[in-house]
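Shown below: start17.pdb, with PDB, C-alpha atoms and all ligand atoms.
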```
MODEL        1
ATOM      1  CA  MET U  60     -14.881 -68.525  14.717
ATOM      2  CA  LYS U  61     -13.606 -70.614  17.567
ATOM      3  CA  LEU U  62     -11.861 -67.697  19.166
ATOM      4  CA  MET U  63     -14.975 -65.617  19.160
ATOM      5  CA  PHE U  64     -17.130 -68.354  20.608
ATOM      6  CA  LYS U  65     -15.014 -69.000  23.675
ATOM      7  CA  PRO U  66     -15.495 -65.635  25.430
ATOM      8  CA  LEU U  67     -19.194 -65.803  24.740
ATOM      9  CA  LEU U  68     -19.466 -69.196  26.466
ATOM     10  CA  PHE U  69     -17.434 -67.880  29.362
ATOM     11  CA  HIS U  70     -19.786 -64.948  29.788
ATOM     12  CA  LEU U  71     -22.779 -67.191  29.588
ATOM     13  CA  LEU U  72     -21.415 -69.440  32.353
ATOM     14  CA  LEU U  73     -20.690 -66.451  34.539
ATOM     15  CA  TYR U  74     -24.186 -65.148  33.977
ATOM     16  CA  CYS U  75     -25.715 -68.487  35.001
ATOM     17  CA  ALA U  76     -23.559 -68.770  38.128
ATOM     18  CA  THR U  77     -24.594 -65.407  39.520
ATOM     19  CA  GLN U  78     -28.211 -65.970  38.640
ATOM     20  CA  ALA U  79     -28.401 -69.525  40.035
ATOM     21  CA  LEU U  80     -30.964 -69.540  42.774
ATOM     22  CA  GLY U  81     -30.689 -71.913  45.645
ATOM     23  CA  VAL U  82     -32.663 -72.965  48.651
ATOM     24  CA  THR U  83     -31.009 -73.893  51.921
ATOM     25  CA  ILE U  84     -32.499 -75.410  55.056
ATOM     26  CA  GLN U  85     -31.141 -74.643  58.497
ATOM     27  CA  SER U  86     -32.369 -76.611  61.456
ATOM     28  CA  VAL U  87     -32.181 -77.009  65.209
ATOM     29  CA  PRO U  88     -31.012 -79.693  65.925
ATOM     30  CA  GLU U  89     -28.536 -79.641  63.045
ATOM     31  CA  VAL U  90     -28.835 -81.562  59.809
ATOM     32  CA  ASN U  91     -26.053 -84.127  59.385
ATOM     33  CA  SER U  92     -24.099 -84.722  56.173
ATOM     34  CA  GLU U  93     -26.724 -87.237  54.968
ATOM     35  CA  GLY U  94     -29.537 -84.681  55.281
ATOM     36  CA  VAL U  95     -30.888 -86.379  58.422
ATOM     37  CA  ILE U  96     -31.942 -84.632  61.640
ATOM     38  CA  GLN U  97     -31.583 -86.748  64.795
ATOM     39  CA  THR U  98     -34.361 -86.197  67.304
ATOM     40  CA  GLU U  99     -36.503 -87.951  69.918
ATOM     41  CA  LEU U 100     -40.189 -88.240  70.845
ATOM     42  CA  GLU U 101     -41.690 -85.105  72.474
ATOM     43  CA  LYS U 102     -38.786 -82.916  71.307
ATOM     44  CA  THR U 103     -39.007 -79.913  68.981
ATOM     45  CA  VAL U 104     -37.421 -79.572  65.557
ATOM     46  CA  SER U 105     -37.259 -76.128  64.032
ATOM     47  CA  LEU U 106     -36.581 -75.672  60.320
ATOM     48  CA  VAL U 107     -35.822 -72.485  58.420
ATOM     49  CA  CYS U 108     -35.677 -72.311  54.653
ATOM     50  CA  HIS U 109     -33.865 -69.498  52.838
ATOM     51  CA  ALA U 110     -34.039 -68.587  49.187
ATOM     52  CA  ASP U 111     -30.641 -67.343  48.133
ATOM     53  CA  GLY U 112     -29.150 -66.331  44.806
ATOM     54  CA  GLY U 113     -25.410 -66.013  44.857
ATOM     55  CA  HIS U 114     -24.631 -63.683  47.747
ATOM     56  CA  GLU U 115     -27.766 -61.806  48.651
ATOM     57  CA  SER U 116     -30.892 -63.566  49.836
ATOM     58  CA  GLN U 117     -33.928 -63.254  47.622
ATOM     59  CA  ALA U 118     -36.337 -61.448  49.868
ATOM     60  CA  ASP U 119     -39.273 -61.641  47.479
ATOM     61  CA  GLU U 120     -39.019 -65.299  46.440
ATOM     62  CA  GLU U 121     -42.090 -67.213  47.525
ATOM     63  CA  LEU U 122     -41.344 -70.531  49.252
ATOM     64  CA  VAL U 123     -43.345 -73.722  49.718
ATOM     65  CA  TRP U 124     -42.907 -76.389  52.416
ATOM     66  CA  LEU U 125     -43.916 -80.016  51.931
ATOM     67  CA  ARG U 126     -44.105 -82.810  54.496
ATOM     68  CA  ASN U 127     -43.841 -86.193  52.759
ATOM     69  CA  GLY U 128     -44.995 -84.514  49.555
ATOM     70  CA  ALA U 129     -48.043 -82.802  51.085
ATOM     71  CA  VAL U 130     -48.089 -79.002  51.219
ATOM     72  CA  VAL U 131     -47.728 -77.502  54.683
ATOM     73  CA  SER U 132     -50.056 -74.536  55.050
ATOM     74  CA  LEU U 133     -48.129 -71.384  55.935
ATOM     75  CA  LYS U 134     -49.132 -67.883  56.917
ATOM     76  CA  GLU U 135     -48.677 -65.221  54.236
ATOM     77  CA  GLU U 136     -45.840 -63.478  56.094
ATOM     78  CA  ASN U 137     -43.994 -66.804  56.477
ATOM     79  CA  MET U 138     -43.525 -67.452  52.745
ATOM     80  CA  LYS U 139     -41.362 -64.652  51.330
ATOM     81  CA  GLY U 140     -37.560 -64.968  51.248
ATOM     82  CA  SER U 141     -37.364 -67.264  54.241
ATOM     83  CA  SER U 142     -39.858 -69.571  55.848
ATOM     84  CA  ARG U 143     -39.967 -71.322  59.209
ATOM     85  CA  VAL U 144     -41.723 -74.520  60.236
ATOM     86  CA  CYS U 145     -41.710 -76.143  63.642
ATOM     87  CA  VAL U 146     -42.338 -79.808  64.440
ATOM     88  CA  THR U 147     -43.528 -79.905  68.039
ATOM     89  CA  PRO U 148     -43.912 -82.235  69.755
ATOM     90  CA  VAL U 149     -42.155 -84.845  67.640
ATOM     91  CA  ILE U 150     -44.321 -87.985  67.354
ATOM     92  CA  TYR U 151     -43.761 -91.571  66.142
ATOM     93  CA  GLU U 152     -45.132 -90.697  62.704
ATOM     94  CA  ASP U 153     -42.420 -88.082  62.221
ATOM     95  CA  ASN U 154     -39.822 -90.810  62.043
ATOM     96  CA  GLY U 155     -38.626 -90.944  58.437
ATOM     97  CA  ALA U 156     -40.740 -87.925  57.471
ATOM     98  CA  THR U 157     -39.161 -85.772  54.769
ATOM     99  CA  PHE U 158     -39.517 -81.998  54.823
ATOM    100  CA  THR U 159     -38.916 -80.269  51.511
ATOM    101  CA  CYS U 160     -38.698 -76.551  50.823
ATOM    102  CA  HIS U 161     -38.777 -75.240  47.269
ATOM    103  CA  LEU U 162     -39.429 -72.097  45.294
ATOM    104  CA  SER U 163     -43.085 -71.558  44.634
ATOM    105  CA  ARG U 164     -42.445 -70.731  40.952
ATOM    106  CA  ASN U 165     -39.972 -73.584  40.313
ATOM    107  CA  ALA U 166     -40.244 -76.821  42.279
ATOM    108  CA  THR U 167     -36.895 -78.112  40.993
ATOM    109  CA  VAL U 168     -35.102 -75.479  43.089
ATOM    110  CA  GLY U 169     -35.397 -76.954  46.573
ATOM    111  CA  ALA U 170     -33.827 -78.834  49.457
ATOM    112  CA  SER U 171     -34.965 -81.661  51.741
ATOM    113  CA  VAL U 172     -34.257 -83.000  55.192
ATOM    114  CA  THR U 173     -35.437 -86.229  56.839
ATOM    115  CA  LEU U 174     -36.189 -86.789  60.527
ATOM    116  CA  ASN U 175     -34.805 -89.737  62.424
ATOM    117  CA  VAL U 176     -36.880 -90.053  65.589
ATOM    118  CA  THR U 177     -35.312 -92.421  68.086
ATOM    119  CA  TYR U 178     -37.294 -94.012  70.927
ATOM    120  CA  HIS U 179     -37.078 -96.981  73.257
ATOM    121  CA  PRO U 180     -39.847 -99.560  73.842
ATOM    122  CA  GLN U 181     -42.651 -98.103  75.953
ATOM    123  CA  PHE U 182     -42.514-100.130  79.165
ATOM    124  CA  SER U 183     -44.202 -99.853  82.507
ATOM    125  CA  GLY U 184     -42.792-101.485  85.655
ATOM    126  CA  SER U 185     -44.723-104.624  86.556
ATOM    127  CA  GLU U 186     -48.018-106.374  85.995
ATOM    128  CA  GLU U 187     -50.043-108.804  88.112
ATOM    129  CA  VAL U 188     -51.351-111.726  86.073
ATOM    130  CA  VAL U 189     -53.828-114.291  87.369
ATOM    131  CA  VAL U 190     -54.446-117.370  85.265
ATOM    132  CA  GLU U 191     -56.501-120.492  85.887
ATOM    133  CA  ALA U 192     -54.877-123.912  85.826
ATOM    134  CA  GLU U 193     -55.228-125.607  82.413
ATOM    135  CA  ALA U 194     -55.976-122.256  80.730
ATOM    136  CA  GLU U 195     -53.648-120.321  78.437
ATOM    137  CA  LEU U 196     -50.981-117.958  79.693
ATOM    138  CA  VAL U 197     -50.036-115.047  77.433
ATOM    139  CA  LEU U 198     -47.476-112.379  78.340
ATOM    140  CA  ARG U 199     -46.650-109.523  75.995
ATOM    141  CA  CYS U 200     -43.806-107.040  75.835
ATOM    142  CA  ASP U 201     -43.618-104.023  73.558
ATOM    143  CA  ILE U 202     -40.374-104.120  71.598
ATOM    144  CA  TRP U 203     -41.065-101.406  69.016
ATOM    145  CA  ALA U 204     -38.073 -99.073  69.004
ATOM    146  CA  ASN U 205     -35.813 -96.987  66.801
ATOM    147  CA  PRO U 206     -33.114 -98.118  66.347
ATOM    148  CA  PRO U 207     -34.492-101.702  66.684
ATOM    149  CA  VAL U 208     -33.692-103.526  69.912
ATOM    150  CA  SER U 209     -30.638-105.751  69.672
ATOM    151  CA  SER U 210     -31.893-108.513  71.988
ATOM    152  CA  ILE U 211     -35.012-109.764  73.759
ATOM    153  CA  SER U 212     -34.966-112.255  76.605
ATOM    154  CA  TRP U 213     -37.546-113.845  78.902
ATOM    155  CA  THR U 214     -36.757-115.112  82.388
ATOM    156  CA  LEU U 215     -38.783-117.014  84.985
ATOM    157  CA  ASN U 216     -37.727-116.640  88.624
ATOM    158  CA  GLY U 217     -34.449-115.172  87.437
ATOM    159  CA  SER U 218     -33.325-117.810  84.964
ATOM    160  CA  THR U 219     -33.930-118.055  81.239
ATOM    161  CA  VAL U 220     -37.357-119.506  80.482
ATOM    162  CA  ASP U 221     -37.068-123.204  79.631
ATOM    163  CA  LEU U 222     -39.287-123.301  76.553
ATOM    164  CA  LYS U 223     -39.411-127.078  76.329
ATOM    165  CA  ALA U 224     -40.057-127.846  79.994
ATOM    166  CA  GLY U 225     -42.870-125.297  80.272
ATOM    167  CA  GLY U 226     -44.361-125.898  76.829
ATOM    168  CA  PHE U 227     -43.752-122.238  76.035
ATOM    169  CA  THR U 228     -43.679-120.537  72.683
ATOM    170  CA  VAL U 229     -42.138-117.147  71.998
ATOM    171  CA  THR U 230     -43.242-115.098  69.017
ATOM    172  CA  ASN U 231     -42.023-111.742  67.789
ATOM    173  CA  ASP U 232     -43.675-109.628  65.101
ATOM    174  CA  GLY U 233     -41.368-106.626  65.388
ATOM    175  CA  PHE U 234     -43.802-104.758  67.641
ATOM    176  CA  THR U 235     -44.433-107.238  70.430
ATOM    177  CA  SER U 236     -42.649-110.212  71.899
ATOM    178  CA  GLN U 237     -45.139-112.764  73.194
ATOM    179  CA  LEU U 238     -44.495-115.618  75.593
ATOM    180  CA  SER U 239     -47.320-118.121  75.824
ATOM    181  CA  ALA U 240     -48.140-121.511  77.282
ATOM    182  CA  ASN U 241     -51.250-123.438  76.263
ATOM    183  CA  PHE U 242     -51.878-125.581  79.303
ATOM    184  CA  VAL U 243     -51.007-123.873  82.566
ATOM    185  CA  GLU U 244     -49.810-125.894  85.554
ATOM    186  CA  LYS U 245     -49.136-124.261  88.921
ATOM    187  CA  SER U 246     -45.832-126.076  89.492
ATOM    188  CA  LEU U 247     -44.478-125.188  86.063
ATOM    189  CA  HIS U 248     -45.844-121.744  85.356
ATOM    190  CA  GLU U 249     -46.318-119.781  88.555
ATOM    191  CA  GLY U 250     -43.611-117.256  89.386
ATOM    192  CA  THR U 251     -42.036-113.973  88.396
ATOM    193  CA  TYR U 252     -41.440-113.445  84.709
ATOM    194  CA  GLN U 253     -39.350-110.699  83.213
ATOM    195  CA  CYS U 254     -38.811-109.610  79.655
ATOM    196  CA  THR U 255     -35.688-107.610  78.961
ATOM    197  CA  VAL U 256     -34.808-105.784  75.761
ATOM    198  CA  ASP U 257     -31.516-104.197  74.923
ATOM    199  CA  SER U 258     -31.333-101.052  72.794
ATOM    200  CA  PRO U 259     -28.070-100.032  71.098
ATOM    201  CA  ILE U 260     -28.521 -96.439  72.322
ATOM    202  CA  TYR U 261     -30.899 -96.572  75.314
ATOM    203  CA  GLY U 262     -29.540 -99.649  77.104
ATOM    204  CA  GLU U 263     -31.670-102.256  78.889
ATOM    205  CA  HIS U 264     -35.373-102.042  79.658
ATOM    206  CA  SER U 265     -37.334-104.718  81.500
ATOM    207  CA  LYS U 266     -40.852-105.472  82.533
ATOM    208  CA  MET U 267     -41.993-107.837  85.283
ATOM    209  CA  PHE U 268     -45.047-110.082  85.379
ATOM    210  CA  ASN U 269     -46.109-111.679  88.661
ATOM    211  CA  VAL U 270     -48.055-114.730  87.528
ATOM    212  CA  THR U 271     -50.402-116.505  89.948
ATOM    213  CA  VAL U 272     -52.045-119.771  88.939
ATOM    214  CA  THR U 273     -55.456-120.377  90.533
ATOM    215  CA  GLU U 274     -57.439-123.590  90.706
ATOM    216  CA  LYS U 275     -59.565-124.524  87.778
ATOM    217  CA  THR U 276     -63.173-123.453  88.295
ATOM    218  CA  MET U 277     -65.960-125.663  86.994
ATOM    219  CA  LYS U 278     -67.826-123.832  84.326
ATOM    220  CA  PHE U 279     -71.534-124.742  84.356
ATOM    221  CA  PRO U 280     -72.709-125.365  80.793
ATOM    222  CA  LEU U 281     -76.017-123.546  81.240
ATOM    223  CA  LEU U 282     -77.307-123.429  77.668
ATOM    224  CA  PRO U 283     -76.772-127.100  76.728
ATOM    225  CA  MET U 284     -78.336-128.003  80.096
ATOM    226  CA  LEU U 285     -81.464-125.981  79.333
ATOM    227  CA  ALA U 286     -81.759-127.498  75.854
ATOM    228  CA  GLY U 287     -81.450-130.950  77.385
ATOM    229  CA  LEU U 288     -84.161-130.182  79.941
ATOM    230  CA  VAL U 289     -86.580-129.026  77.246
ATOM    231  CA  VAL U 290     -86.035-132.240  75.282
ATOM    232  CA  VAL U 291     -86.594-134.373  78.392
ATOM    233  CA  CYS U 292     -89.852-132.538  79.263
ATOM    234  CA  LEU U 293     -91.198-132.783  75.734
ATOM    235  CA  THR U 294     -90.522-136.523  75.508
ATOM    236  CA  ALA U 295     -92.204-137.059  78.864
ATOM    237  CA  LEU U 296     -95.221-135.064  77.739
ATOM    238  CA  LEU U 297     -95.472-137.018  74.488
ATOM    239  CA  ALA U 298     -95.169-140.274  76.409
ATOM    240  CA  VAL U 299     -97.997-139.249  78.714
ATOM    241  CA  ILE U 300    -100.191-138.252  75.752
ATOM    242  CA  ALA U 301     -99.518-141.577  74.032
ATOM    243  CA  ARG U 302    -100.218-143.394  77.274
ATOM    244  CA  TRP U 303    -103.424-141.403  77.884
ATOM    245  CA  ASP U 304    -104.686-142.559  74.484
ATOM    246  CA  LYS U 305    -104.144-146.163  75.455
ATOM    247  CA  ILE U 306    -105.641-145.678  78.904
ATOM    248  CA  THR U 307    -108.780-143.994  77.565
ATOM    249  CA  LYS U 308    -109.119-146.649  74.823
ATOM    250  CA  CYS U 309    -108.774-149.303  77.449
ATOM    251  CA  CYS U 310    -111.568-147.883  79.546
ATOM    252  CA  LYS U 311    -114.104-147.974  76.768
TER
HETATM  253  C1  LIG D   1     -36.293 -74.278  37.250
HETATM  254  O1  LIG D   1     -34.955 -74.265  37.725
HETATM  255  C2  LIG D   1     -34.075 -75.124  37.050
HETATM  256  C3  LIG D   1     -32.752 -75.129  37.771
HETATM  257  O2  LIG D   1     -32.303 -73.843  38.048
HETATM  258  C4  LIG D   1     -33.974 -74.689  35.608
HETATM  259  O3  LIG D   1     -33.131 -75.577  34.903
HETATM  260  C5  LIG D   1     -35.376 -74.696  34.977
HETATM  261  O4  LIG D   1     -35.318 -74.187  33.670
HETATM  262  C6  LIG D   1     -36.310 -73.847  35.807
HETATM  263  N1  LIG D   1     -37.678 -73.997  35.295
HETATM  264  C7  LIG D   1     -38.478 -72.977  35.113
HETATM  265  C8  LIG D   1     -39.849 -73.302  34.589
HETATM  266  O5  LIG D   1     -38.140 -71.826  35.339
HETATM  267  C1  LIG D   2     -31.336 -93.126  63.172
HETATM  268  O1  LIG D   2     -30.630 -93.021  64.371
HETATM  269  C2  LIG D   2     -30.137 -94.261  64.879
HETATM  270  C3  LIG D   2     -29.498 -94.013  66.218
HETATM  271  O2  LIG D   2     -28.505 -93.061  66.166
HETATM  272  C4  LIG D   2     -29.173 -94.890  63.873
HETATM  273  O3  LIG D   2     -28.743 -96.122  64.365
HETATM  274  C5  LIG D   2     -29.888 -95.044  62.556
HETATM  275  O4  LIG D   2     -29.002 -95.544  61.589
HETATM  276  C6  LIG D   2     -30.458 -93.728  62.099
HETATM  277  N1  LIG D   2     -31.242 -93.938  60.891
HETATM  278  C7  LIG D   2     -31.133 -93.166  59.828
HETATM  279  C8  LIG D   2     -32.035 -93.491  58.701
HETATM  280  O5  LIG D   2     -30.319 -92.247  59.786
HETATM  281  C1  LIG D   3     -40.865-119.330  91.263
HETATM  282  O1  LIG D   3     -40.694-118.828  92.556
HETATM  283  C2  LIG D   3     -41.875-118.855  93.362
HETATM  284  C3  LIG D   3     -41.578-118.160  94.672
HETATM  285  O2  LIG D   3     -40.384-118.593  95.218
HETATM  286  C4  LIG D   3     -42.321-120.300  93.537
HETATM  287  O3  LIG D   3     -43.509-120.341  94.298
HETATM  288  C5  LIG D   3     -42.569-120.893  92.156
HETATM  289  O4  LIG D   3     -42.907-122.243  92.270
HETATM  290  C6  LIG D   3     -41.344-120.749  91.277
HETATM  291  N1  LIG D   3     -41.718-121.179  89.934
HETATM  292  C7  LIG D   3     -41.091-122.120  89.241
HETATM  293  C8  LIG D   3     -41.635-122.435  87.904
HETATM  294  O5  LIG D   3     -40.106-122.669  89.662
ENDMDL
END
```

Give the structure from this file in C-alpha cells form.
Amino acid sequence: MKLMFKPLLFHLLLYCATQALGVTIQSVPEVNSEGVIQTELEKTVSLVCHADGGHESQADEELVWLRNGAVVSLKEENMKGSSRVCVTPVIYEDNGATFTCHLSRNATVGASVTLNVTYHPQFSGSEEVVVEAEAELVLRCDIWANPPVSSISWTLNGSTVDLKAGGFTVTNDGFTSQLSANFVEKSLHEGTYQCTVDSPIYGEHSKMFNVTVTEKTMKFPLLPMLAGLVVVCLTALLAVIARWDKITKCCK
C-alpha cells in the first residue's frame, strides 16, 4: 500500500508545481527586498504586473490592481496577462500607499508593493514680520518631512534663542514648530530669527524671519464708548423730565 501511494503523491506535487500560478510586480524605480519602492514628490513610479504560471506567462489571465484596497479602474486592453499602472506625479498621499495586483478570478494569488515617498520640509526663504509692542509674537516653521527631521533649532541674531530671557515658548506638533512670546518688548524681541531643521537625507533647511517691533497703538474702544454715551444722555433726559415736573408744579 505504502509503496503505491508514494509515486502518486509525487505526481500530485509535480502537477501542482507546474500549475501554480503566480503574479509578479516589476517597477521603475525598483522594488527593494522589503517590497518597498523609494521615490520622491513629483516623480513617476511605473508598475507592471505579470500573471505567470511556471515558465510561460498566462496571456489570458485577467488582472486587478488595488490602491490601498480600492480597485484601480483599468482599460480593457490593460487587464489581460500583464497590466501597467503609473503613479504620476507622486504626491504626499502616496507615501505608505500599497499597490496590490491579483488575479481577477482568485484574489489570493497576488503581490503587493508599498511606496516610500521622501520629502523635506517645504520652506521659503525669509519673511518680514511686524508686531506691536505688548502684543503676541508667533513664528511658525513647517517641519513635516519623510524621514522625520532629526533636529529643529531657533536662533535670534545668530545665537540660540534664550527661552527664559525672552519669555519664549517652543511647541512642536510634528507638522509645525512654533516659537511664541506673549508680551513683546522691542529690546528683547526685535531682530532676525531663523529656524533650522536637519534631515537625515536632505541636510539642513532654514527659514528667516525679520521681526520689527512697532510702538503700541491706542485702540479706541468705540462700542463701550457709545453705550456709555447713550446711558449718560438718557439719565440727563430723565433728570430734566423729573425737574420739569417739579418746576411746573412749583409754578401753579
Ligand atoms: C486560489 O488560489 C489558491 C492558491 O493557489 C488556492 O489554494 C485556492 O484554492 C484558489 N481558490 C480558488 C477559488 O480557485
Ligand atoms: C523610507 O525612506 C527613508 C529614507 O531612505 C527611510 O529612512 C525609511 O526607513 C523608509 N521607510 C520605509 C517604511 O521603508
Ligand atoms: C538683533 O540685532 C538687531 C540689529 O543689529 C538689533 O537692533 C536688535 O536689538 C538685536 N536683538 C536682540 C534681541 O538683541

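For ligand LIG 1 (chain D), the protein and nucleic acid residues at most 9 Å away, judged by only C-alpha atoms and all ligand atoms, amount to Gln78, Ala79, Leu80, Gly81, Leu162, Arg164, Asn165, Ala166, Thr167 and Val168 of chain U.
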
I want to know what sits within 12 Å of U:Val130, based on all atoms listed in the file, with residues of the same chain fewer than 2 positions away left out; could you give that as a count of residues only?
16

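This file, filtered with the PyMOL selection byres (((chain U and resi 97) around 8) and not hetatm), gives the residues Pro88, Glu89, Val90, Val95, Ile96, Thr98, Glu99, Leu174, Asn175, Val176 and Thr177 of chain U.
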
Evaluate the PyMOL selection byres (((not hetatm)) within 12 of (chain D and resi 3)) and record the selected residues as a ChimeraX atom specification, following the chain and residue labels used in the document.
/U:214-222,224-226,243-253,268-272

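In this structure, atom CA of U:Lys223 sits 16.9 Å away from atom CA of U:Leu198.
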
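If you measure from each of U:Gly155, U:Glu191, U:Val107, U:Ile260 to U:Phe242 using all atoms listed in the file, the closest one turns out to be U:Glu191.
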
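For U:Thr276, the list of residues within 12 Å, based on all atoms listed in the file and with local chain neighbours fewer than 6 positions off taken out, reads U:Val190, U:Glu191, U:Ala192, U:Glu193, U:Ala194.
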